[in-house]
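Enquirer: Below is the file model_21.tsv, with TSV, C-alpha atoms.
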chain	number	residue	atom	x	y	z
G	199	MET	CA	0.00	0.00	0.00
G	200	ARG	CA	1.40	3.37	-0.98
G	201	ASN	CA	2.32	5.68	1.88
G	202	GLU	CA	0.51	8.53	0.11
G	203	TYR	CA	-2.77	6.64	0.31
G	204	VAL	CA	-2.20	5.67	3.93
G	205	GLN	CA	-1.56	9.30	4.91
G	206	ALA	CA	-4.65	10.52	3.03
G	207	VAL	CA	-6.93	7.95	4.70
G	208	LEU	CA	-5.57	8.77	8.16
G	209	ALA	CA	-6.00	12.51	7.50
G	210	VAL	CA	-9.70	11.99	6.74
G	211	VAL	CA	-10.26	9.74	9.77
G	212	ARG	CA	-8.69	12.35	12.08
G	213	LEU	CA	-11.41	14.79	10.99
G	214	VAL	CA	-14.38	12.58	11.99
G	215	SER	CA	-15.93	14.21	15.05
G	216	PRO	CA	-16.68	12.43	18.35
G	217	GLY	CA	-20.07	10.73	18.37
G	218	SER	CA	-19.99	10.40	14.59
G	219	ALA	CA	-18.97	7.56	12.31
G	220	VAL	CA	-18.24	6.79	8.67
G	221	SER	CA	-18.02	3.58	6.70
G	222	TYR	CA	-14.85	2.40	5.00
G	223	GLY	CA	-16.56	3.19	1.70
G	224	ASP	CA	-17.38	6.72	2.85
G	225	VAL	CA	-13.69	7.43	3.40
G	226	ALA	CA	-12.78	6.10	-0.04
G	227	GLU	CA	-15.55	8.16	-1.62
G	228	LEU	CA	-14.45	11.33	0.15
G	229	LEU	CA	-10.91	10.81	-1.14
G	230	GLY	CA	-12.07	9.81	-4.62
G	231	SER	CA	-9.62	6.92	-4.49
G	232	GLY	CA	-9.56	3.28	-3.51
G	233	GLY	CA	-12.48	1.45	-2.01
G	234	PRO	CA	-13.72	-0.02	1.27
G	235	ARG	CA	-11.17	-2.85	1.25
G	236	GLN	CA	-8.25	-0.50	0.74
G	237	VAL	CA	-9.44	1.79	3.53
G	238	GLY	CA	-9.99	-1.26	5.77
G	239	SER	CA	-6.46	-2.41	5.06
G	240	VAL	CA	-5.05	1.00	5.96
G	241	MET	CA	-7.05	1.06	9.18
G	242	SER	CA	-6.04	-2.45	10.22
G	243	HIS	CA	-2.34	-1.80	9.65
G	244	TYR	CA	-1.92	1.91	10.44
G	245	GLY	CA	-5.07	3.11	12.20
G	246	SER	CA	-4.14	2.70	15.85
G	247	GLY	CA	-3.10	6.36	16.18
G	248	VAL	CA	-6.38	7.80	14.89
G	249	PRO	CA	-9.99	7.38	16.12
G	250	TRP	CA	-10.31	3.96	14.45
G	251	TRP	CA	-13.62	3.17	16.19
G	252	ARG	CA	-15.31	5.87	14.09
G	253	VAL	CA	-14.69	3.91	10.87
G	254	LEU	CA	-17.10	1.02	10.41
G	255	LYS	CA	-18.44	-1.55	8.04
G	256	ALA	CA	-21.39	-0.26	6.01
G	257	SER	CA	-23.64	-2.33	8.30
G	258	GLY	CA	-22.61	-0.22	11.30
G	259	HIS	CA	-20.71	-3.04	12.98
G	260	ALA	CA	-17.54	-2.20	14.85
G	261	PRO	CA	-14.15	-3.37	13.59
G	262	GLU	CA	-13.92	-7.12	14.07
G	263	GLY	CA	-12.09	-8.17	17.21
G	264	HIS	CA	-12.41	-4.70	18.73
G	265	GLU	CA	-16.13	-4.64	19.49
G	266	ALA	CA	-15.86	-4.28	23.27
G	267	GLN	CA	-13.24	-1.54	23.19
G	268	ALA	CA	-15.16	0.29	20.46
G	269	LEU	CA	-18.46	0.02	22.37
G	270	TYR	CA	-16.96	1.78	25.38
G	271	ARG	CA	-15.78	4.58	23.09
G	272	TYR	CA	-19.21	4.87	21.46
G	273	LEU	CA	-20.91	5.11	24.83
G	274	GLU	CA	-18.38	7.67	26.03
G	275	GLU	CA	-18.88	9.81	22.91
G	276	GLY	CA	-22.66	9.40	22.75
G	277	THR	CA	-22.61	7.66	19.38
G	278	PRO	CA	-26.13	6.47	18.39
G	279	LEU	CA	-26.46	2.69	18.73
G	280	LYS	CA	-28.98	0.04	17.73
G	281	GLY	CA	-29.56	-3.30	19.44
G	282	ASP	CA	-28.84	-4.71	22.87
G	283	HIS	CA	-25.48	-3.21	23.74
G	284	ALA	CA	-26.31	-3.37	27.47
G	285	ALA	CA	-26.50	-7.18	27.34
G	286	TYR	CA	-23.22	-7.24	25.46
G	287	LEU	CA	-21.60	-5.19	28.22
G	288	ARG	CA	-22.99	-7.48	30.94
G	289	THR	CA	-22.42	-10.87	29.37
G	290	GLY	CA	-20.48	-10.47	26.14
G	291	GLU	CA	-23.64	-11.65	24.37
G	292	GLY	CA	-26.13	-9.52	22.52
G	293	ARG	CA	-26.22	-8.01	19.09
G	294	TRP	CA	-25.67	-4.31	18.57
G	295	ARG	CA	-24.22	-1.88	16.06
G	296	VAL	CA	-23.78	1.80	15.45
G	297	ASP	CA	-26.85	3.47	13.97
G	298	LEU	CA	-24.89	4.68	10.98
G	299	ALA	CA	-27.85	6.59	9.53
G	300	ALA	CA	-28.02	8.71	12.70
G	301	ALA	CA	-24.28	8.80	13.41
G	302	ARG	CA	-22.94	9.41	9.89
G	303	TRP	CA	-20.45	12.26	9.97
G	304	ALA	CA	-21.40	15.45	8.16
G	305	PRO	CA	-18.17	17.26	7.29
G	306	THR	CA	-18.11	21.03	7.72
G	307	ASP	CA	-16.93	23.35	4.94
G	308	GLU	CA	-13.55	23.48	6.67
G	309	ASP	CA	-13.46	19.65	6.81
G	310	PHE	CA	-14.23	19.50	3.09
G	311	GLU	CA	-11.37	21.90	2.38
G	312	ARG	CA	-9.00	19.62	4.31
G	313	ILE	CA	-10.38	16.51	2.58
G	314	ASP	CA	-9.99	18.16	-0.81
G	315	ALA	CA	-6.41	19.11	0.07
G	316	ALA	CA	-5.60	15.52	1.13
G	317	ALA	CA	-7.27	14.11	-2.00
G	318	GLY	CA	-5.45	16.62	-4.22
G	319	GLU	CA	-2.10	15.79	-2.64
G	320	LEU	CA	-2.79	12.08	-3.06
G	321	GLU	CA	-3.73	12.49	-6.72
G	322	SER	CA	-0.70	14.68	-7.39
G	323	ARG	CA	1.74	12.26	-5.79
G	324	LEU	CA	0.24	9.20	-7.44
G	325	ARG	CA	0.29	10.93	-10.84
G	326	SER	CA	3.95	11.94	-10.42
G	327	LEU	CA	4.84	8.37	-9.46
G	328	SER	CA	3.23	7.01	-12.62
G	329	VAL	CA	5.09	9.25	-15.06
G	330	ALA	CA	8.05	7.55	-16.70
G	331	ASP	CA	11.41	9.15	-15.95
G	332	ASP	CA	12.66	8.70	-19.51
G	333	GLY	CA	13.15	12.34	-20.48
G	334	MET	CA	10.47	12.03	-23.18
G	335	SER	CA	7.33	12.12	-21.06
G	336	LEU	CA	5.62	15.36	-20.08
I need this file expressed as structure tokens, please.
Expert:
Amino acid sequence: MRNEYVQAVLAVVRLVSPGSAVSYGDVAELLGSGGPRQVGSVMSHYGSGVPWWRVLKASGHAPEGHEAQALYRYLEEGTPLKGDHAAYLRTGEGRWRVDLAAARWAPTDEDFERIDAAAGELESRLRSLSVADDGMSL
């Protein structure tokens, strides 16, 4: 995975406000590059330093293997939830997920400016990497 893409994904995730969430596909769409699997790969390998719990599957389910830790963060931030999260907290049983329709992040104009800057930088770097260094290409 190119470092440029990793940095762009992490830049977008840092912008997601507390109590809000996005899907992996949302991040890719905001950047205009990659897809849910690529964003998921970035998050699984490099996402520990950003609010990883705010990036979900399109179904609203927390990142696999991190459900309990994510649930505590959602409750702390007031993220809208669906299902029986209280039973999950008590017993480890019970189905729940983030109510992504209610929690979906709505970027501000300033956020969009930052996203556009990250996407532009990504596109510029990827384009420059794909140009042959043969002295004949423009």
Enquirer: Per residue of region 305-328 of chain G within 7 Å of region 200-208 of chain G, which atom pair is closest and at what distance in Å (one decimal), using all atoms listed in the file, listed by chain and increasing number, as CSV?
Expert:
residue,atom,partner,partner_atom,distance
G:Ala316,CA,G:Ala206,CA,5.4
G:Ala317,CA,G:Ala206,CA,6.7
G:Leu320,CA,G:Glu202,CA,5.8
Enquirer: Residues within 7 Å of (-22.9, 0.4, 22.7), file coordinates, counting all atoms listed in the file: what are they? Give the list as a VMD selection string.
Expert: chain G and resid 269 to 270 272 to 273 279 283 to 284 294
Enquirer: Skip region 261-264 of chain G itself and residues of its chain fewer than 5 positions away, then list as a PyMOL selection string all residues within 10 Å of it, counting only C-alpha atoms.
Expert: chain G and resi 238+241-242+250-255+269
Enquirer: Write out as a ChimeraX atom specification each polymer residue whose atoms come within 9 Å of Ala300 (chain G), counting all atoms listed in the file; drop sequence neighbours fewer than 3 positions from it.
Expert: /G:218,277-279,296-297,303
Enquirer: Considering only C-alpha atoms, state which residue in the set G:Gly281, G:Gly258, G:Gly276, G:Gly230 is at the smallest distance from Ile313 (chain G).
Expert: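 Distance minimum relative to Ile313 (chain G) lands on G:Gly230.
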Enquirer: To one decimal in Å, tell me the separation between CA of Thr306 (chain G) and CA of Arg325 (chain G).
Expert: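 Between these atoms lies a distance of 28.0 Å.
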Enquirer: Find the residues around Arg312 (chain G) up to 10 Å (only C-alpha atoms counted), leave out those fewer than 6 positions away in its own chain, and share them as a PyMOL selection string.
Expert: chain G and resi 209-210+213+305-306+318
Enquirer: Interatomic distance between CA of Gly223 (chain G) and CA of Arg323 (chain G)?
Expert: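 Result for CA of Gly223 (chain G) versus CA of Arg323 (chain G): 21.8 Å, one decimal.
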Enquirer: Just checking: using all atoms listed in the file, which residue out of G:His259, G:Glu265, G:Leu229, G:Ser215 ends up closest to Glu291 (chain G)?
Expert: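 Using all atoms listed in the file, Glu291 (chain G) sits closest to G:Glu265.
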Enquirer: Would you mind reading off the distance between CA of Ala268 (chain G) and CA of Leu287 (chain G), one decimal, in Å?
Expert: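 Atom-to-atom, CA of Ala268 (chain G) and CA of Leu287 (chain G) are spaced 11.5 Å apart.
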Enquirer: Kindly indicate which residue among G:Asp224, G:Asp282, G:Glu274, G:Asp314 lies nearest to Arg302 (chain G), using all atoms listed in the file for the distances.
Expert: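 Nearest to Arg302 (chain G): G:Asp224.
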Enquirer: Which one is closest to Ala301 (chain G): G:Ala315, G:Ala285, G:Ser231, G:Gly217? Count only C-alpha atoms.
Expert: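 With only C-alpha atoms as the atom set, the closest residue is G:Gly217.
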Enquirer: Could you please fill out region 248-269 of chain G with N, CA, C and O atoms and send it back as a PDB file, keeping the file's coordinate frame?
Expert:
ATOM      1  N   VAL G 248      -5.254   6.930  15.235  1.00  0.00           N
ATOM      2  CA  VAL G 248      -6.380   7.800  14.890  1.00  0.00           C
ATOM      3  C   VAL G 248      -7.647   7.196  15.518  1.00  0.00           C
ATOM      4  O   VAL G 248      -7.625   6.065  16.002  1.00  0.00           O
ATOM      5  N   PRO G 249      -8.762   7.933  15.527  1.00  0.00           N
ATOM      6  CA  PRO G 249      -9.990   7.380  16.120  1.00  0.00           C
ATOM      7  C   PRO G 249     -10.600   6.270  15.255  1.00  0.00           C
ATOM      8  O   PRO G 249     -11.621   6.434  14.585  1.00  0.00           O
ATOM      9  N   TRP G 250      -9.957   5.107  15.285  1.00  0.00           N
ATOM     10  CA  TRP G 250     -10.310   3.960  14.450  1.00  0.00           C
ATOM     11  C   TRP G 250     -11.738   3.488  14.664  1.00  0.00           C
ATOM     12  O   TRP G 250     -12.368   2.944  13.755  1.00  0.00           O
ATOM     13  N   TRP G 251     -12.273   3.664  15.865  1.00  0.00           N
ATOM     14  CA  TRP G 251     -13.620   3.170  16.190  1.00  0.00           C
ATOM     15  C   TRP G 251     -14.695   3.942  15.430  1.00  0.00           C
ATOM     16  O   TRP G 251     -15.832   3.501  15.346  1.00  0.00           O
ATOM     17  N   ARG G 252     -14.345   5.064  14.844  1.00  0.00           N
ATOM     18  CA  ARG G 252     -15.310   5.870  14.090  1.00  0.00           C
ATOM     19  C   ARG G 252     -15.412   5.438  12.631  1.00  0.00           C
ATOM     20  O   ARG G 252     -16.174   6.015  11.871  1.00  0.00           O
ATOM     21  N   VAL G 253     -14.644   4.426  12.235  1.00  0.00           N
ATOM     22  CA  VAL G 253     -14.690   3.910  10.870  1.00  0.00           C
ATOM     23  C   VAL G 253     -15.218   2.481  10.926  1.00  0.00           C
ATOM     24  O   VAL G 253     -14.632   1.618  11.578  1.00  0.00           O
ATOM     25  N   LEU G 254     -16.339   2.267  10.257  1.00  0.00           N
ATOM     26  CA  LEU G 254     -17.100   1.020  10.410  1.00  0.00           C
ATOM     27  C   LEU G 254     -17.383   0.347   9.079  1.00  0.00           C
ATOM     28  O   LEU G 254     -17.258   0.950   8.019  1.00  0.00           O
ATOM     29  N   LYS G 255     -17.867  -0.874   9.201  1.00  0.00           N
ATOM     30  CA  LYS G 255     -18.440  -1.550   8.040  1.00  0.00           C
ATOM     31  C   LYS G 255     -19.725  -0.807   7.678  1.00  0.00           C
ATOM     32  O   LYS G 255     -20.330  -0.133   8.521  1.00  0.00           O
ATOM     33  N   ALA G 256     -20.172  -0.934   6.451  1.00  0.00           N
ATOM     34  CA  ALA G 256     -21.390  -0.260   6.010  1.00  0.00           C
ATOM     35  C   ALA G 256     -22.607  -0.675   6.838  1.00  0.00           C
ATOM     36  O   ALA G 256     -23.579   0.067   6.937  1.00  0.00           O
ATOM     37  N   SER G 257     -22.545  -1.839   7.463  1.00  0.00           N
ATOM     38  CA  SER G 257     -23.640  -2.330   8.300  1.00  0.00           C
ATOM     39  C   SER G 257     -23.703  -1.619   9.644  1.00  0.00           C
ATOM     40  O   SER G 257     -24.688  -1.749  10.374  1.00  0.00           O
ATOM     41  N   GLY G 258     -22.658  -0.883   9.996  1.00  0.00           N
ATOM     42  CA  GLY G 258     -22.610  -0.220  11.300  1.00  0.00           C
ATOM     43  C   GLY G 258     -21.907  -1.035  12.364  1.00  0.00           C
ATOM     44  O   GLY G 258     -21.809  -0.608  13.510  1.00  0.00           O
ATOM     45  N   HIS G 259     -21.405  -2.204  12.002  1.00  0.00           N
ATOM     46  CA  HIS G 259     -20.710  -3.040  12.980  1.00  0.00           C
ATOM     47  C   HIS G 259     -19.292  -2.542  13.206  1.00  0.00           C
ATOM     48  O   HIS G 259     -18.621  -2.090  12.285  1.00  0.00           O
ATOM     49  N   ALA G 260     -18.869  -2.642  14.445  1.00  0.00           N
ATOM     50  CA  ALA G 260     -17.540  -2.200  14.850  1.00  0.00           C
ATOM     51  C   ALA G 260     -16.465  -3.069  14.198  1.00  0.00           C
ATOM     52  O   ALA G 260     -16.744  -4.190  13.770  1.00  0.00           O
ATOM     53  N   PRO G 261     -15.241  -2.556  14.138  1.00  0.00           N
ATOM     54  CA  PRO G 261     -14.150  -3.370  13.590  1.00  0.00           C
ATOM     55  C   PRO G 261     -14.036  -4.703  14.317  1.00  0.00           C
ATOM     56  O   PRO G 261     -14.056  -4.759  15.547  1.00  0.00           O
ATOM     57  N   GLU G 262     -13.954  -5.760  13.531  1.00  0.00           N
ATOM     58  CA  GLU G 262     -13.920  -7.120  14.070  1.00  0.00           C
ATOM     59  C   GLU G 262     -12.762  -7.310  15.045  1.00  0.00           C
ATOM     60  O   GLU G 262     -11.635  -6.900  14.793  1.00  0.00           O
ATOM     61  N   GLY G 263     -13.089  -7.914  16.182  1.00  0.00           N
ATOM     62  CA  GLY G 263     -12.090  -8.170  17.210  1.00  0.00           C
ATOM     63  C   GLY G 263     -11.907  -7.010  18.176  1.00  0.00           C
ATOM     64  O   GLY G 263     -11.195  -7.131  19.165  1.00  0.00           O
ATOM     65  N   HIS G 264     -12.546  -5.890  17.887  1.00  0.00           N
ATOM     66  CA  HIS G 264     -12.410  -4.700  18.730  1.00  0.00           C
ATOM     67  C   HIS G 264     -13.762  -4.195  19.217  1.00  0.00           C
ATOM     68  O   HIS G 264     -13.884  -3.047  19.632  1.00  0.00           O
ATOM     69  N   GLU G 265     -14.766  -5.053  19.171  1.00  0.00           N
ATOM     70  CA  GLU G 265     -16.130  -4.640  19.490  1.00  0.00           C
ATOM     71  C   GLU G 265     -16.266  -4.069  20.897  1.00  0.00           C
ATOM     72  O   GLU G 265     -16.882  -3.014  21.082  1.00  0.00           O
ATOM     73  N   ALA G 266     -15.708  -4.740  21.889  1.00  0.00           N
ATOM     74  CA  ALA G 266     -15.860  -4.280  23.270  1.00  0.00           C
ATOM     75  C   ALA G 266     -15.189  -2.928  23.489  1.00  0.00           C
ATOM     76  O   ALA G 266     -15.793  -2.003  24.046  1.00  0.00           O
ATOM     77  N   GLN G 267     -13.968  -2.804  23.027  1.00  0.00           N
ATOM     78  CA  GLN G 267     -13.240  -1.540  23.190  1.00  0.00           C
ATOM     79  C   GLN G 267     -13.962  -0.416  22.435  1.00  0.00           C
ATOM     80  O   GLN G 267     -14.081   0.704  22.941  1.00  0.00           O
ATOM     81  N   ALA G 268     -14.445  -0.710  21.244  1.00  0.00           N
ATOM     82  CA  ALA G 268     -15.160   0.290  20.460  1.00  0.00           C
ATOM     83  C   ALA G 268     -16.461   0.687  21.158  1.00  0.00           C
ATOM     84  O   ALA G 268     -16.805   1.875  21.204  1.00  0.00           O
ATOM     85  N   LEU G 269     -17.188  -0.279  21.709  1.00  0.00           N
ATOM     86  CA  LEU G 269     -18.460   0.020  22.370  1.00  0.00           C
ATOM     87  C   LEU G 269     -18.266   1.005  23.514  1.00  0.00           C
ATOM     88  O   LEU G 269     -19.047   1.945  23.672  1.00  0.00           O
TER      89      LEU G 269
END
